[in-house]
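The structure appears right after this line, and notes come after that.
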Amino acid sequence: MAAQTAEQQANADTAEAAKRAGKVDFKMVTFSLAGKEYGIDIMSVKEIAKAGRFTYVPNAATYVRGVYNLRGEIISVIDLRIFFHLPAERKAEEALESLIILRIDEHVFGVIVDAIDKVVGISSSNIQPPHPIFGDINVKYIKGIVENGGKLYIILDVEKIFAPEREEDIEAKAKSASLLQKEGELIERDRRTGDRGADVALDFVRETLAAFRGFHGSELTDAWFRSRFAEWKASRKAQDLQLKEASEADEFLGSFWSPETGRLWDDDYAAAFEAALPPIEARSINVWNPGCGKGYETWSVACIMRKRYPEARIRIWANDSDLLAISMAPNMVFGENVPPYYGDFLGRGRNGLAFIQSIRDSIFFEFHDILNANTLPPLDLILCRDVLSFIPPIDQKRLIGDFSDKLKPNGVIFTGANERLGEGWAHVGTEAVPAFRKV
């Protein structure tokens, strides 16, 4: 009887497995790369297309093929083959590429693949964990492996490929929980010994800011941080000083950011920055703008410097490690509400206002991580607003030393509104536009 029961259980398990295998609850768009089959969750796919003649993006990473006008929306185009260091067939300039249009959060962009196959429906229970043996790409970018219709599909995790900060947020939350537990233990210890728990709270706010948002409090921002913590403490209950989630970290950092962040600088700030620029007699002026983001401050500075040094040849190297932002920066188009300061540097195009060619030619937008080697000529100016504070202190010191080596004798660094360089640097700017020169 026991043997019969075991057989019946085995049959039931087999039937249940077959039932699960036949349930279609996951659909993917399938395509090929370098002879292997891949898939992307259809929920991330906006559409598929055939396209070519992409607009070239100067100095972009090799896998950025350019930008494309998708029914009036300018999107970045990434060659997924080059991104993963796979062989890519060379096609004639007018040839059309297979393009998958993805939507990741608020971003829309296209990825080029060898060929697009079809939509395949599968049971998610059949997806197996990723393993390096199945792909030519980093296993961290693979969501799973599944067999269907005699083909083995590698399912890509496009959110990890193009939005890696999500994984970091998860790790940050885990770290923050650990910090909060540790903080509670230390505050309880200080209560018993008579020490001040508020000082411990300050240190842990500093640590949770690093965990949630990568903000590393150091001597660069010590004055701002202590002032902000005093405001924070005054506005909250003593037992509620800690940052328990990312939104609270954002609230704490609300007053940190420099003026005009994330947009073209308004007339007043542009004029203040122009007044803070040093006299430069050289005919050629070199500028570095690491952490340029979407390029708003780079475009602003390019115009300001053209006004300040009308006869000079100006070259600006603008870098960022955000692939989507830096690939869109060279082709920004604006509406009618552009500050008057930039009127002389804008022309009207088919999709709106864009900067004139002489301004565009002065900027080299490049995908680059500031922590890697920075090969640049001697520099007159470095514009590094609100960037150093999001780098660990040991790397802050290394980069400031790198800045010192790259600057010409009278070169100047512009930092964020709440960042101050210390020993070895003289403050030569204003409160609104901090600038520092080597002493």
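We name chains A, B, ... following the order of the structure tokens; residues begin at 1 in each chain, and ligands are numbered from 1 as shown.
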
Within 12 Å of Leu407 (chain A), counting only C-alpha atoms, which residues qualify if same-chain residues fewer than 3 places away don't, as a short mmCIF file (atom, residue, chain, number, x, y, z; two decimals) with N, CA and C atoms, in the first residue's frame?
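Saved file selection_31.cif follows:
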data_model
loop_
_atom_site.label_atom_id
_atom_site.label_comp_id
_atom_site.auth_asym_id
_atom_site.auth_seq_id
_atom_site.Cartn_x
_atom_site.Cartn_y
_atom_site.Cartn_z
N ILE A 285 42.04 77.50 -24.20
CA ILE A 285 41.60 77.26 -22.83
C ILE A 285 41.01 75.86 -22.75
N ASN A 286 41.54 75.06 -21.81
CA ASN A 286 41.09 73.68 -21.62
C ASN A 286 40.28 73.56 -20.33
N VAL A 287 39.12 72.91 -20.43
CA VAL A 287 38.20 72.78 -19.30
C VAL A 287 37.80 71.32 -19.15
N TRP A 288 37.71 70.86 -17.91
CA TRP A 288 37.23 69.51 -17.63
C TRP A 288 35.97 69.63 -16.78
N LEU A 376 44.11 63.79 -19.79
CA LEU A 376 43.72 65.10 -20.32
C LEU A 376 44.95 66.00 -20.41
N PRO A 377 44.90 67.01 -21.26
CA PRO A 377 46.01 67.97 -21.33
C PRO A 377 45.98 68.88 -20.10
N PRO A 378 47.00 69.69 -19.88
CA PRO A 378 46.97 70.66 -18.77
C PRO A 378 45.70 71.53 -18.85
N LEU A 379 45.08 71.75 -17.69
CA LEU A 379 43.76 72.37 -17.64
C LEU A 379 43.81 73.77 -17.04
N ASP A 380 42.97 74.65 -17.59
CA ASP A 380 42.80 75.99 -17.03
C ASP A 380 41.71 75.99 -15.97
N LEU A 381 40.64 75.22 -16.22
CA LEU A 381 39.50 75.18 -15.31
C LEU A 381 39.01 73.75 -15.14
N ILE A 382 38.56 73.43 -13.93
CA ILE A 382 37.85 72.18 -13.66
C ILE A 382 36.52 72.54 -13.03
N LEU A 383 35.44 72.09 -13.62
CA LEU A 383 34.10 72.31 -13.09
C LEU A 383 33.60 70.98 -12.54
N ILE A 400 41.47 64.87 -5.81
CA ILE A 400 41.90 66.25 -5.60
C ILE A 400 43.39 66.38 -5.93
N GLY A 401 44.16 65.34 -5.59
CA GLY A 401 45.56 65.34 -5.98
C GLY A 401 45.72 65.28 -7.48
N ASP A 402 44.86 64.52 -8.14
CA ASP A 402 44.88 64.45 -9.61
C ASP A 402 44.52 65.80 -10.22
N PHE A 403 43.52 66.47 -9.63
CA PHE A 403 43.16 67.81 -10.09
C PHE A 403 44.36 68.76 -9.99
N SER A 404 45.05 68.69 -8.85
CA SER A 404 46.20 69.55 -8.62
C SER A 404 47.28 69.33 -9.67
N ASN A 410 47.97 78.69 -12.62
CA ASN A 410 46.90 79.59 -12.17
C ASN A 410 45.51 78.99 -12.40
N GLY A 411 45.46 77.68 -12.57
CA GLY A 411 44.19 77.02 -12.83
C GLY A 411 43.25 77.07 -11.64
N VAL A 412 41.95 76.93 -11.91
CA VAL A 412 40.92 77.08 -10.88
C VAL A 412 39.96 75.90 -10.94
N ILE A 413 39.54 75.45 -9.74
CA ILE A 413 38.50 74.42 -9.61
C ILE A 413 37.23 75.08 -9.10
N PHE A 436 38.51 77.55 -6.28
CA PHE A 436 39.73 77.35 -5.51
C PHE A 436 40.94 77.29 -6.43
N ARG A 437 42.04 77.88 -5.95
CA ARG A 437 43.30 77.85 -6.68
C ARG A 437 44.38 77.28 -5.77
N LYS A 438 45.34 76.56 -6.35
CA LYS A 438 46.44 75.98 -5.57
C LYS A 438 47.28 77.10 -4.95
#

Applying 10 Å and only C-alpha atoms, which residues near region 116-133 of chain A remain after dropping the ones on its own chain fewer than 2 positions away? List them as a ChimeraX atom specification.
/A:17,19-33,37-42,48-50,98-100,112-114,135-149,153-156

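With only C-alpha atoms as the atoms that count, the residue of A:Ala426, A:Ala270, A:Ala88, A:Leu421 with the shortest distance to Val439 (chain A) is A:Ala426.
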
Suppose you want the space between CA of Gly72 (chain A) and CA of Glu159 (chain A); what is it in Å?
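Separating CA of Gly72 (chain A) from CA of Glu159 (chain A) is a distance of 24.8 Å.
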
How far is it from CA of Phe345 (chain A) to CA of Ile359 (chain A), in Å with one decimal?
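Atom-to-atom, CA of Phe345 (chain A) and CA of Ile359 (chain A) are spaced 7.2 Å apart.
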
Under the rule that only C-alpha atoms are counted, which of A:Asn418, A:Lys244, A:Asp405, A:Phe204 is the nearest residue to Ser227 (chain A)?
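Between A:Asn418, A:Lys244, A:Asp405, A:Phe204, the residue approaching Ser227 (chain A) most closely is A:Asn418.
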
Using only C-alpha atoms, pick whichever of A:Arg65, A:Arg81, A:Lys406, A:Arg53 has the shortest atom-to-atom distance to Leu96 (chain A).
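The answer is A:Arg53, which sits nearest to Leu96 (chain A).
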